[in-house]
Each structure stands twice: as C-alpha cells, then as structure tokens.
$ cat input-v7.txt   # compact mmCIF, C-alpha atoms
# COMPACT_ATOMS: atom_id res chain seq x y z
CA MET A 56 23.39 37.29 13.75
CA GLN A 57 25.87 34.42 14.08
CA ASN A 58 24.16 31.21 15.15
CA HIS A 59 26.31 29.72 17.93
CA TYR A 60 24.63 26.33 17.64
CA THR A 61 25.48 26.16 13.94
CA THR A 62 29.06 27.20 14.72
CA LEU A 63 29.43 24.24 17.09
CA GLY A 64 27.55 21.91 14.73
CA ILE A 65 24.82 20.99 17.20
CA PRO A 66 21.01 21.27 17.07
CA GLU A 67 19.46 24.57 18.12
CA LEU A 68 18.56 24.75 21.82
CA ALA A 69 20.91 21.82 22.52
CA SER A 70 22.05 21.30 26.11
CA GLN A 71 25.15 22.74 27.77
CA GLU A 72 26.66 19.25 27.86
CA GLU A 73 26.24 18.88 24.09
CA ALA A 74 27.87 22.27 23.59
CA LYS A 75 30.78 21.19 25.80
CA VAL A 76 31.37 17.96 23.87
CA ALA A 77 31.22 19.75 20.51
CA PHE A 78 33.57 22.51 21.69
CA LYS A 79 36.21 20.02 22.85
CA ARG A 80 36.13 18.21 19.53
CA LEU A 81 36.28 21.37 17.40
CA ALA A 82 38.83 23.12 19.62
CA VAL A 83 41.27 20.27 19.12
CA GLU A 84 40.70 20.33 15.36
CA TYR A 85 41.06 24.10 14.85
CA HIS A 86 43.45 25.07 17.66
CA PRO A 87 46.17 27.50 16.40
CA ASP A 88 48.90 25.18 17.70
CA LYS A 89 47.72 22.51 15.26
CA ASN A 90 47.15 25.00 12.43
CA PRO A 91 50.14 27.38 12.45
CA ASN A 92 49.96 30.32 10.04
CA ASN A 93 46.40 29.42 9.08
CA PRO A 94 44.19 32.55 9.46
CA VAL A 95 41.04 30.64 8.49
CA ALA A 96 41.55 28.09 11.28
CA GLU A 97 42.38 30.92 13.69
CA GLU A 98 39.14 32.76 12.88
CA LEU A 99 37.12 29.54 13.17
CA PHE A 100 38.70 28.84 16.55
CA LYS A 101 37.67 32.34 17.75
CA GLN A 102 34.08 31.74 16.61
CA ILE A 103 34.01 28.31 18.27
CA ASN A 104 35.33 29.76 21.53
CA GLU A 105 32.85 32.65 21.45
CA ALA A 106 29.96 30.26 20.84
CA TYR A 107 31.05 28.02 23.71
CA GLN A 108 31.43 30.94 26.14
CA VAL A 109 27.79 31.89 25.49
CA LEU A 110 26.29 28.38 25.49
CA SER A 111 28.24 27.02 28.47
CA ASN A 112 26.89 29.65 30.90
CA PRO A 113 23.25 28.98 31.93
CA VAL A 114 22.44 32.69 32.18
CA THR A 115 23.94 33.76 28.86
CA LYS A 116 22.59 30.61 27.17
CA GLU A 117 19.05 31.35 28.34
CA SER A 118 19.36 34.95 27.18
CA TYR A 119 20.76 33.84 23.81
CA ASP A 120 18.06 31.20 23.32
CA VAL A 121 15.31 33.74 23.92
CA THR A 122 17.02 36.25 21.62
CA LEU A 123 17.32 33.56 18.95
CA ARG A 124 13.68 32.55 19.25
CA PHE A 125 12.45 36.12 19.02
CA ALA A 126 14.81 36.85 16.15
CA TYR A 127 13.15 34.00 14.28
CA SER A 128 9.77 35.35 15.33
CA TYR A 129 10.66 38.70 13.82
CA SER A 130 11.94 36.96 10.68
CA TYR A 131 8.66 35.08 10.41
CA TYR A 132 6.54 38.19 10.53
CA ALA A 133 8.93 40.27 8.45
CA ASN A 134 9.61 37.69 5.73
CA GLN A 135 7.06 34.87 5.73
CA ARG A 136 3.86 36.85 6.16
CA PRO A 137 4.42 38.99 3.02
CA THR A 138 4.77 35.77 0.97
CA GLU A 139 1.49 34.49 2.34
CA ALA A 140 -0.11 37.86 1.69
CA ASP A 141 1.15 37.77 -1.91
CA GLN A 142 -0.33 34.32 -2.41
CA ASN A 143 -3.66 35.45 -1.06
CA PHE A 144 -3.52 38.56 -3.20
CA GLN A 145 -2.83 36.50 -6.32
CA ARG A 146 -5.82 34.30 -5.57
CA TYR A 147 -8.13 37.26 -5.33
CA TYR A 148 -6.48 38.96 -8.31
CA SER A 149 -7.15 36.03 -10.64
CA ASN A 150 -10.68 37.32 -11.25
CA TYR A 151 -9.58 40.94 -11.46
CA THR A 152 -11.26 41.51 -14.81
CA GLU A 153 -14.66 40.60 -13.45
CA ARG A 154 -14.18 42.63 -10.24
CA LYS A 155 -12.98 45.60 -12.25
CA LYS A 156 -16.33 45.89 -13.97
CA ASP A 157 -18.10 46.44 -10.63
CA PRO A 158 -17.09 49.67 -8.77
CA LYS A 159 -18.52 48.26 -5.56
CA ASN A 160 -16.19 45.27 -5.78
CA THR A 161 -13.25 47.55 -6.48
CA ASN A 162 -13.92 49.59 -3.37
CA LEU A 163 -14.50 46.44 -1.35
CA TYR A 164 -11.25 44.80 -2.31
CA SER A 165 -9.31 48.03 -1.93
CA THR A 166 -10.65 48.24 1.61
CA LEU A 167 -9.72 44.61 2.29
CA ILE A 168 -6.21 45.16 1.00
CA SER A 169 -5.84 48.24 3.20
CA ILE A 170 -7.06 46.32 6.24
CA ALA A 171 -4.69 43.44 5.45
CA PHE A 172 -1.76 45.84 5.14
CA VAL A 173 -2.58 47.56 8.47
CA ALA A 174 -2.92 44.16 10.16
CA TYR A 175 0.39 43.04 8.73
CA MET A 176 2.15 46.21 9.94
CA PHE A 177 0.59 45.76 13.37
CA LEU A 178 1.98 42.24 13.58
CA VAL A 179 5.44 43.38 12.54
CA VAL A 180 5.52 46.27 15.03
CA HIS A 181 4.10 44.10 17.80
CA SER A 182 6.68 41.39 17.10
CA VAL A 183 9.56 43.85 17.21
CA GLN A 184 8.32 45.37 20.47
CA ASP A 185 7.91 41.92 22.00
CA PHE A 186 11.39 40.94 20.88
CA LEU A 187 12.99 44.10 22.34
CA SER A 188 11.09 43.65 25.59
CA ARG A 189 12.54 40.16 26.06
CA VAL A 190 16.03 41.30 25.14
CA TYR A 191 15.94 43.99 27.85
CA TYR A 192 14.54 41.48 30.33
CA TYR A 193 17.40 39.04 29.86
CA GLN A 194 19.91 41.89 29.97
CA ALA A 195 18.39 42.70 33.36
CA LEU A 196 18.98 39.11 34.48
CA GLN A 197 22.64 39.49 33.55
CA SER A 198 22.87 42.77 35.49
CA ILE A 199 21.39 41.06 38.54
CA GLU A 200 23.96 38.29 38.17
CA VAL A 201 26.74 40.88 38.68
CA GLU A 202 24.70 42.72 41.37
CA ASP A 203 24.23 45.87 39.27
CA TYR A 204 20.69 46.39 40.54
CA LYS A 205 20.33 49.99 39.37
CA GLU A 206 21.11 48.97 35.80
CA ALA A 207 18.71 46.03 36.14
CA ILE A 208 15.90 48.40 37.19
CA GLU A 209 16.49 50.53 34.10
CA GLU A 210 16.52 47.50 31.79
CA LEU A 211 13.33 46.11 33.32
CA SER A 212 11.69 49.50 32.88
CA TYR A 213 12.56 49.37 29.16
CA ALA A 214 11.19 45.83 28.96
CA ILE A 215 7.93 47.01 30.52
CA ALA A 216 7.81 50.05 28.24
CA TYR A 217 7.91 47.79 25.17
CA ASP A 218 5.42 45.33 26.67
CA ASN A 219 3.25 46.75 29.43
CA SER A 220 1.67 43.33 30.07
CA PHE A 221 5.00 41.62 30.85
CA SER A 222 4.06 40.22 34.29
CA THR A 223 7.43 38.59 35.02
CA ALA A 224 9.26 41.89 34.40
CA TYR A 225 6.91 43.66 36.82
CA TYR A 226 7.50 40.93 39.41
CA LEU A 227 11.28 41.07 39.10
CA ARG A 228 11.38 44.87 39.28
CA ALA A 229 9.15 44.74 42.36
CA LYS A 230 11.57 42.28 44.02
CA LEU A 231 14.46 44.65 43.39
CA TYR A 232 12.50 47.62 44.73
CA SER A 233 11.68 45.69 47.89
CA GLU A 234 14.94 43.88 48.58
CA HIS A 235 17.61 46.32 47.37
CA PHE A 236 16.09 49.80 47.30
CA GLY A 237 13.76 49.88 50.31
CA PHE A 238 10.87 51.08 48.14
CA PRO A 239 7.83 49.00 49.24
CA ASN A 240 5.26 51.35 47.68
CA GLY A 241 6.85 50.92 44.24
CA ALA A 242 7.08 47.17 44.83
CA LEU A 243 3.40 47.05 45.77
CA LYS A 244 2.35 48.71 42.51
CA ASP A 245 4.52 46.38 40.42
CA TYR A 246 3.32 43.24 42.21
CA THR A 247 -0.25 44.34 41.49
CA LYS A 248 0.62 44.81 37.80
CA ALA A 249 2.27 41.37 37.75
CA ILE A 250 -0.82 39.74 39.24
CA ASP A 251 -3.21 41.60 36.91
CA ASN A 252 -1.25 40.55 33.80
CA ALA A 253 -0.30 36.99 34.76
CA LEU A 254 -1.87 34.27 32.64
CA ILE A 255 -1.58 31.82 35.56
CA GLN A 256 -1.98 32.92 39.16
CA GLU A 257 1.33 32.36 41.00
CA SER A 258 1.51 31.92 44.77
CA ASP A 259 4.85 33.78 44.86
CA PHE A 260 3.22 36.89 43.40
CA TYR A 261 0.68 37.01 46.23
CA LEU A 262 3.28 36.12 48.85
CA GLU A 263 5.56 38.97 47.82
CA ARG A 264 2.72 41.46 47.50
CA GLY A 265 1.54 40.42 50.97
CA ILE A 266 5.01 41.18 52.33
CA ALA A 267 4.93 44.57 50.59
CA TYR A 268 1.54 45.27 52.16
CA SER A 269 2.93 44.42 55.59
CA GLN A 270 5.91 46.71 55.00
CA VAL A 271 3.57 49.67 54.45
CA ASN A 272 1.36 48.61 57.38
CA GLU A 273 -1.66 47.63 55.28
CA LYS A 274 -2.49 44.66 57.45
CA GLN A 275 -5.75 43.58 55.81
CA GLY A 276 -4.21 43.57 52.33
CA ALA A 277 -1.34 41.45 53.64
CA ILE A 278 -3.66 38.94 55.33
CA THR A 279 -5.81 38.58 52.19
CA ASP A 280 -2.78 38.00 49.94
CA PHE A 281 -1.17 35.56 52.38
CA ALA A 282 -4.37 33.51 52.47
CA THR A 283 -4.40 33.40 48.65
CA ALA A 284 -0.72 32.43 48.53
CA LEU A 285 -1.30 29.57 50.96
CA ASP A 286 -4.24 28.34 48.91
CA LEU A 287 -2.39 28.51 45.56
CA SER A 288 0.72 26.82 46.96
CA LYS A 289 -1.39 24.10 48.64
CA TYR A 290 0.35 24.95 51.91
CA GLU A 291 3.85 24.38 50.53
CA GLN A 292 6.20 24.46 53.53
CA LYS A 293 8.55 27.20 52.36
CA THR A 294 5.68 29.55 51.53
CA ALA A 295 3.87 28.77 54.78
CA GLN A 296 7.00 29.38 56.87
CA GLU A 297 7.60 32.73 55.18
CA ILE A 298 4.03 33.83 55.86
CA ALA A 299 4.15 32.64 59.47
CA LYS A 300 7.32 34.70 60.02
CA GLU A 301 5.59 37.79 58.63
CA TYR A 302 2.62 37.24 60.93
CA TYR A 303 4.92 36.79 63.91
CA ASN A 304 7.62 39.41 63.31
CA ARG A 305 6.02 42.28 61.44
CA LEU A 306 2.24 42.02 61.77
CA LYS A 307 2.19 40.68 65.33
CA GLU A 308 -0.69 38.42 64.34
CA TYR A 309 0.33 35.63 66.69
CA GLU A 310 -2.89 33.63 66.41
CA LEU A 311 -2.56 33.43 62.62
CA ALA A 312 1.07 32.38 63.01
CA ILE A 313 -0.02 29.65 65.44
CA GLU A 314 -2.58 28.36 62.90
CA ILE A 315 0.11 28.00 60.24
CA TYR A 316 2.65 26.33 62.54
CA THR A 317 -0.03 23.92 63.76
CA THR A 318 -0.77 22.90 60.15
CA LEU A 319 2.95 22.54 59.43
CA ILE A 320 3.36 20.31 62.51
CA GLN A 321 0.51 18.13 61.25
CA GLN A 322 2.37 17.81 57.93
CA ASP A 323 5.76 17.11 59.53
CA SER A 324 5.95 16.60 63.30
CA THR A 325 9.71 15.97 63.27
CA LYS A 326 10.77 19.61 62.79
CA SER A 327 11.54 21.21 66.13
CA ILE A 328 11.60 24.70 64.63
CA TYR A 329 7.82 24.58 64.13
CA TYR A 330 7.25 23.77 67.80
CA GLU A 331 9.67 26.49 68.91
CA GLN A 332 8.09 29.20 66.77
CA ARG A 333 4.60 28.17 67.86
CA ALA A 334 5.72 28.22 71.49
CA LEU A 335 7.10 31.75 71.11
CA ALA A 336 3.79 32.84 69.54
CA TYR A 337 1.89 31.26 72.46
CA SER A 338 4.16 33.05 74.95
CA ASN A 339 3.49 36.39 73.26
CA LEU A 340 -0.20 35.75 73.89
CA GLN A 341 0.60 34.84 77.53
CA GLN A 342 -0.65 31.29 76.91
CA ASP A 343 2.21 29.95 79.01
CA ASN A 344 0.97 26.39 79.49
CA LEU A 345 0.67 25.76 75.77
CA ALA A 346 4.01 27.45 75.16
CA GLN A 347 5.75 25.33 77.79
CA GLN A 348 4.35 22.12 76.30
CA ASP A 349 5.98 22.96 72.97
CA PHE A 350 9.22 24.03 74.64
CA GLU A 351 9.42 20.71 76.50
CA ARG A 352 8.98 18.78 73.23
CA ILE A 353 11.95 20.45 71.56
CA ILE A 354 14.11 20.31 74.72
CA GLN A 355 13.55 16.56 75.01
CA LYS A 356 14.59 16.08 71.38
CA SER A 357 17.67 18.28 71.72
CA ASN A 358 21.19 16.85 71.86
CA ASN A 359 22.01 19.34 74.63
CA PRO A 360 18.84 19.97 76.69
CA ILE A 361 20.53 22.38 79.14
CA GLU A 362 21.91 24.60 76.38
CA LYS A 363 18.57 24.53 74.54
CA ARG A 364 16.61 25.56 77.62
CA ALA A 365 19.11 28.36 78.26
CA GLN A 366 18.53 29.60 74.70
CA ILE A 367 14.79 29.54 75.29
CA VAL A 368 15.19 31.57 78.49
CA GLU A 369 17.22 34.15 76.56
CA LYS A 370 14.54 34.44 73.85
CA LEU A 371 11.77 34.72 76.41
CA GLU A 372 13.69 37.44 78.24
CA ASN A 373 14.98 39.54 75.34
CA GLU A 374 12.65 38.82 72.41
CA VAL A 375 9.26 38.02 73.94
CA LYS A 376 9.77 39.76 77.30
CA ASN A 377 7.75 37.07 79.05
CA TYR A 378 9.79 37.22 82.26
CA LYS A 379 7.47 34.94 84.21
CA LEU A 380 7.86 32.02 81.80
CA ALA A 381 11.57 32.75 81.51
CA LEU A 382 11.87 32.44 85.31
CA GLU A 383 10.08 29.07 85.26
CA ASN A 384 12.60 27.66 82.80
CA ASN A 385 15.49 29.33 84.61
CA PHE A 386 14.34 27.65 87.82
CA ILE A 387 14.54 24.25 86.09
CA LEU A 388 18.09 25.05 84.98
CA LEU A 389 19.13 26.00 88.51
CA ASN A 390 17.63 22.84 89.95
CA GLU A 391 19.85 20.87 87.59
CA ASN A 392 22.90 23.19 87.99
CA PRO A 393 22.62 25.02 91.36
CA THR A 394 26.17 26.44 91.27
CA GLU A 395 26.13 27.79 87.69
CA PRO A 396 26.79 31.56 88.07
CA ASN A 397 25.35 32.47 84.65
CA PHE A 398 21.97 31.01 85.58
CA HIS A 399 21.95 32.99 88.84
CA TYR A 400 22.94 36.13 86.95
CA THR A 401 20.10 35.60 84.44
CA ARG A 402 17.67 35.01 87.31
CA SER A 403 18.90 38.21 88.94
CA ASN A 404 18.20 40.21 85.76
CA LEU A 405 14.73 38.70 85.43
CA PHE A 406 13.80 39.66 88.99
CA PHE A 407 15.09 43.19 88.46
CA LYS A 408 12.94 43.47 85.32
CA LEU A 409 9.95 42.36 87.40
CA ASN A 410 10.86 45.08 89.93
CA ASP A 411 11.65 42.50 92.63
CA ASN A 412 14.95 44.12 93.64
CA GLU A 413 15.43 42.05 96.78
CA LYS A 414 15.42 38.73 94.91
CA GLY A 415 17.43 40.33 92.15
CA ARG A 416 20.17 41.33 94.60
CA TYR A 417 20.08 37.94 96.27
CA ASN A 418 20.67 36.07 93.00
CA LEU A 419 23.37 38.54 91.99
CA ASP A 420 25.17 37.80 95.26
CA LEU A 421 24.94 34.08 94.45
CA ALA A 422 26.31 34.67 90.96
CA ILE A 423 29.32 36.47 92.47
CA LEU A 424 29.74 33.76 95.11
CA TYR A 425 30.06 31.08 92.43
CA ASN A 426 32.20 33.22 90.12
CA GLU A 427 34.33 35.69 92.06
CA GLY A 428 36.50 36.43 89.05
CA ASN A 429 33.75 37.95 86.89
CA LYS A 430 34.28 41.72 86.78
CA LYS A 431 30.90 42.52 85.17
CA LEU A 432 29.10 41.08 88.20
CA TYR A 433 30.97 43.44 90.55
CA VAL A 434 30.27 46.38 88.23
CA LYS A 435 26.55 45.63 88.26
CA ARG A 436 26.40 45.21 92.04
CA ALA A 437 28.46 48.37 92.63
CA LYS A 438 25.94 50.41 90.65
CA LEU A 439 23.07 48.82 92.61
CA PHE A 440 24.74 49.70 95.93
CA LEU A 441 25.23 53.28 94.72
CA ASP A 442 21.56 53.55 93.69
CA ASN A 443 20.57 52.30 97.17
CA ASP A 444 22.79 54.87 99.00
CA GLN A 445 25.39 52.35 100.09
CA PRO A 446 28.55 54.09 98.84
CA GLN A 447 31.04 52.07 100.88
CA LYS A 448 29.78 48.75 99.53
CA ALA A 449 29.58 50.26 96.08
CA CYS A 450 33.22 51.34 96.22
CA LYS A 451 34.34 47.98 97.50
CA ASP A 452 32.80 46.25 94.46
CA TRP A 453 34.00 48.98 92.08
CA ILE A 454 37.59 48.65 93.25
CA LYS A 455 37.34 44.85 92.96
CA ALA A 456 36.08 45.20 89.40
CA LYS A 457 39.04 47.49 88.58
CA GLU A 458 41.44 44.94 90.01
CA LEU A 459 39.88 42.31 87.74
CA GLY A 460 40.48 44.52 84.69
CA ASN A 461 37.30 46.57 84.40
CA THR A 462 37.76 49.54 82.04
CA ILE A 463 34.20 50.91 82.21
CA LYS A 464 34.07 54.55 83.32
CA HIS A 465 31.65 55.91 85.94
CA THR A 466 32.08 59.53 87.01
CA THR A 467 30.76 59.16 90.56
CA LEU A 468 32.28 55.81 91.40
CA ASP A 469 35.66 56.64 89.82
CA PHE A 470 35.91 59.86 91.81
CA PHE A 471 34.67 58.80 95.26
CA CYS A 472 36.03 55.26 95.22
CA PHE A 473 39.56 56.43 94.48
CA GLU A 474 39.18 58.93 97.28
CA GLU A 475 37.86 56.19 99.54
CA LYS A 476 40.75 53.93 98.65
$ encode --input "input-v7.txt" --output "structure tokens"
Amino acid sequence: MQNHYTTLGIPELASQEEAKVAFKRLAVEYHPDKNPNNPVAEELFKQINEAYQVLSNPVTKESYDVTLRFAYSYSYYANQRPTEADQNFQRYYSNYTERKKDPKNTNLYSTLISIAFVAYMFLVVHSVQDFLSRVYYYQALQSIEVEDYKEAIEELSYAIAYDNSFSTAYYLRAKLYSEHFGFPNGALKDYTKAIDNALIQESDFYLERGIAYSQVNEKQGAITDFATALDLSKYEQKTAQEIAKEYYNRLKEYELAIEIYTTLIQQDSTKSIYYEQRALAYSNLQQDNLAQQDFERIIQKSNNPIEKRAQIVEKLENEVKNYKLALENNFILLNENPTEPNFHYTRSNLFFKLNDNEKGRYNLDLAILYNEGNKKLYVKRAKLFLDNDQPQKACKDWIKAKELGNTIKHTTLDFFCFEEK
C-alpha cells in the first residue's frame, strides 16, 4: 500500500496543513509544465496529487489514518510475532538434548508449541477481523458524507459482523435506522448493543436510546435513559434541551419538562426560550398563573412586545388549546390596539371554540368594521348566518366576499345567493 505521508515527505499522521504545504512545494517541483517529456516526473506528480487529495479531506484522511494504523497492526502480528516466537523457540531448543531424553518433557514442550501456535493464529485472525471491521466503518462514514444511507447501513453491518463488540458501529447504525429509515425498533436494539459494549458510558447513547424508547411508546424506558443521560452529561444544556423537548412533545410529561427547564433557567436566566417552553408546559397543566408569569418575562425582554404576545396567543390557541389563557393575552393586546382587526378576529375564533357564539359573532362584526376589505371575514360571517337560518344576511356577506375576490366555493350559498341577487 502506497504511504501518502511518505510520498509528500512528511511525518505519518501529520496535519492537513502540513500536507498542504508539502504538496505546494512538491507540485511546483514536479509539475509537468516544468518537466516536459519526463515520464518519471509525471508519475511522481500523479502520486503527489493523489496523496494530497486523500490527506487534505478530513473524512478521507481519518479513514486513511485508521487504515494505515490497522495495516501496521496486521503487519506486526503477521511479521513481528513469528520472529519473537522463533527467538523463544530457540531459547527452549538450546537444551533439546536433555529434554529429548525425557518423554514427559517432549510431550510437554510439544503441547506448549501447539498452544503457542494456536495463540499466534488467533492473534493474526483477530487482527485481520479488527482491521476489516474498521475499514468498513470508515467506508460507511464516506457513504454518509454523500447521503448514501442504504450503502452505509450495509457497510456498518459488515463492520459489526467482523467485530460484534464495535459499539460505535452499533450506535451509528442505530442513528441511521432512527433518522433515515423510520425503524425505531431496530435502532433500539442497536443502541442497547452500543451501550452494552461501550468501554465508557456515553450520555449520547442513553439520550438516543431514550428517544427510541419514546418512539415505540415505552415511556418508562425513555424516562430511565433520559435520567441517566442527564447525569452522565452533568446537565449539559444541549442534552437537557433535547430531553425536555421529548418530554413535552412526545411523552406529554409536562412536569418532567418543567423540572428540566427550571434547572436550565437556574444555569442561564438570560435565555427567553427556556421561560417560553416552561410557560407552555405550565399552560398544558392548566397552571395559568405560573405560565403567565413566564410569558410576561419574555414579553418584557422582547424587542417587539406586541408581536411576541400575539405569537404566544397563537401557540396557546393552536398548540396548547388553552383558550382561556389565550383570551387573557388577547384582551391585553386589544387594550393596547383596540382597532386592530386581526386581534378581534382571533378573539372571535377563541369565543367560538369556547362555544360562546354570541361573543364570537360580536368580535367578528368588530373585525369586519375595522377591516371592510377582508374577504375571509365576510366568508366566515356568511357561513355563520347560514348556520343560524339567516339566509338573507348570509347572501349579503357572500356576495360582498365575491366582490372582494373570494374564489371559495359553497354549494348552498353559490346557488341561493346568485338567485337572491
């Protein structure tokens, strides 16, 4: 195997920067333009360029370095160990004449030689398998780099076949199963293998297995792994945020999410996102006072308090479905902007969702009053009039919406309103 470091004249495992400097110097010296009709220089230039292409890319360099190391490992077991064995054999053979006289010694040393040979073969085979396992692993990394995830899965499977204790290969295959193939059960098995074979317990392994547990609705397994991940990471913010999101979005364990966000706020009270997520968790538990306290903190810190409060109202309405708390914040917006039609329209929708149709209609009328050119408001009110057996009013709004450019179809209103007109 050509040694790219030797080709560039730099120490093995040298940095990318060293490879770059060496390549520039050698490329100038052996470039075909400076060595016309010189096949030796041309071949050297090709080798220099090939070496640089491998060593200048962090992915291919890492793969090559590992391949090089394991190639030397194989060479060590395949070439050095026999020499050592020969030396040992010669030492024991020096007294062969004396041992020869005793049949028991002959049998003993024959047995020892057999054991030594078997041990040597085991080391060679094990070294080769280990080498091939790492080669397939780094080929998988290259496949992932070009987003060929199916090929990466196959290569990782080969890596695991050659070394069934390769925890990092299990972990990477599990990530692919989970993120690109929608196969959480397979991911769960591989994460377990990764954890069982890891020499050092990694928080990421438990975090990802916890997510896999949550994907297959094994809540207790997820909670146990998340607790371990938090402990191993010493509450590292990225890990804690990821776990809090899982508790909030998938597991619906809002109290556990609140615990994490509270700890994160104690670590860094400047991040508004922690207050907002904790407030949403409080609002899911109908703890409106605590939720509102957090909302007020982030609104006060916002560059645009009105826009931020409007965003909160939208989340409370559509994500949390806490219409009561949404109305409280909407009321604050209307006090500050009493003629804003969008706020009246939102208030109208909230009242309708709370089955207070009278207040819903009233706020819809106000929204239209402050924005007579909004066709969707007339469409909504026309349908309400129709549902309440007020066809004439319904048609009046429907025709107005058509005049404003409404293209929505409605069998009943289209038929009777055109007749009415």
$ residues_near_point --input "input-v7.txt" --point "(39.2, 20.8, 22.3)" --cutoff "12 Å" --atoms "only C-alpha atoms" --output "CSV table (one decimal) with C-alpha atoms, keeping the file's coordinate frame"
chain,number,residue,atom,x,y,z
A,63,LEU,CA,29.4,24.2,17.1
A,74,ALA,CA,27.9,22.3,23.6
A,75,LYS,CA,30.8,21.2,25.8
A,76,VAL,CA,31.4,18.0,23.9
A,77,ALA,CA,31.2,19.8,20.5
A,78,PHE,CA,33.6,22.5,21.7
A,79,LYS,CA,36.2,20.0,22.8
A,80,ARG,CA,36.1,18.2,19.5
A,81,LEU,CA,36.3,21.4,17.4
A,82,ALA,CA,38.8,23.1,19.6
A,83,VAL,CA,41.3,20.3,19.1
A,84,GLU,CA,40.7,20.3,15.4
A,85,TYR,CA,41.1,24.1,14.8
A,86,HIS,CA,43.4,25.1,17.7
A,87,PRO,CA,46.2,27.5,16.4
A,88,ASP,CA,48.9,25.2,17.7
A,89,LYS,CA,47.7,22.5,15.3
A,100,PHE,CA,38.7,28.8,16.6
A,103,ILE,CA,34.0,28.3,18.3
A,104,ASN,CA,35.3,29.8,21.5
A,107,TYR,CA,31.0,28.0,23.7
$ closest_residue --input "input-v7.txt" --among "A:Lys408, A:Ser233, A:Gly428, A:Lys116" --to "Pro396 (chain A)" --atoms "only C-alpha atoms"
A:Gly428
$ axis_aligned_box --input "input-v7.txt" --around "region 399-410 of chain A" --padding-each-side "8 Å" --output "AutoDock Vina command-line options"
--center_x 16.4 --center_y 39.0 --center_z 87.2 --size_x 29.0 --size_y 28.1 --size_z 21.5
$ closest_residue --input "input-v7.txt" --among "A:Thr223, A:Asn240, A:Val201, A:Asn443" --to "Ala253 (chain A)" --atoms "only C-alpha atoms"
A:Thr223
$ closest_residue --input "input-v7.txt" --among "A:Gln445, A:Asn392, A:Gln341, A:Leu262" --to "Lys379 (chain A)" --atoms "only C-alpha atoms"
A:Gln341
$ atom_distance --input "input-v7.txt" --atom1 "CA of Lys289 (chain A)" --atom2 "CA of Arg305 (chain A)"
23.4 Å
$ closest_residue --input "input-v7.txt" --among "A:Lys230, A:Lys370, A:Lys205, A:Lys457" --to "Arg264 (chain A)" --atoms "all atoms listed in the file"
A:Lys230
$ atom_distance --input "input-v7.txt" --atom1 "CA of Lys356 (chain A)" --atom2 "CA of Leu340 (chain A)"
24.7 Å
$ residues_around --input "input-v7.txt" --residues "Leu389 (chain A)" --least-positions-apart "5" --cutoff "8 Å" --atoms "all atoms listed in the file" --output "list in words"
Thr394, Glu395, Phe398 and His399 of chain A
$ atom_distance --input "input-v7.txt" --atom1 "CA of Glu98 (chain A)" --atom2 "CA of Leu68 (chain A)"
23.8 Å
$ closest_residue --input "input-v7.txt" --among "A:Ser222, A:Val434, A:Ser111, A:Glu97" --to "Tyr60 (chain A)" --atoms "all atoms listed in the file"
A:Ser111
$ closest_residue --input "input-v7.txt" --among "A:Ala295, A:Leu306, A:Val375, A:Ile65" --to "Glu273 (chain A)" --atoms "only C-alpha atoms"
A:Leu306
$ residues_around --input "input-v7.txt" --residues "Ala249 (chain A)" --least-positions-apart "6" --cutoff "10 Å" --atoms "all atoms listed in the file" --output "list in words"
Asn219, Ser220, Phe221, Ser222, Thr223, Ala224, Tyr225, Tyr226, Leu227, Arg228, Ala229, Leu243, Gln256, Glu257, Phe260, Tyr261 and Arg264 of chain A
$ residues_around --input "input-v7.txt" --residues "Asn58 (chain A)" --least-positions-apart "6" --cutoff "10 Å" --atoms "all atoms listed in the file" --output "PyMOL selection string"
chain A and resi 64+67+106+119+123
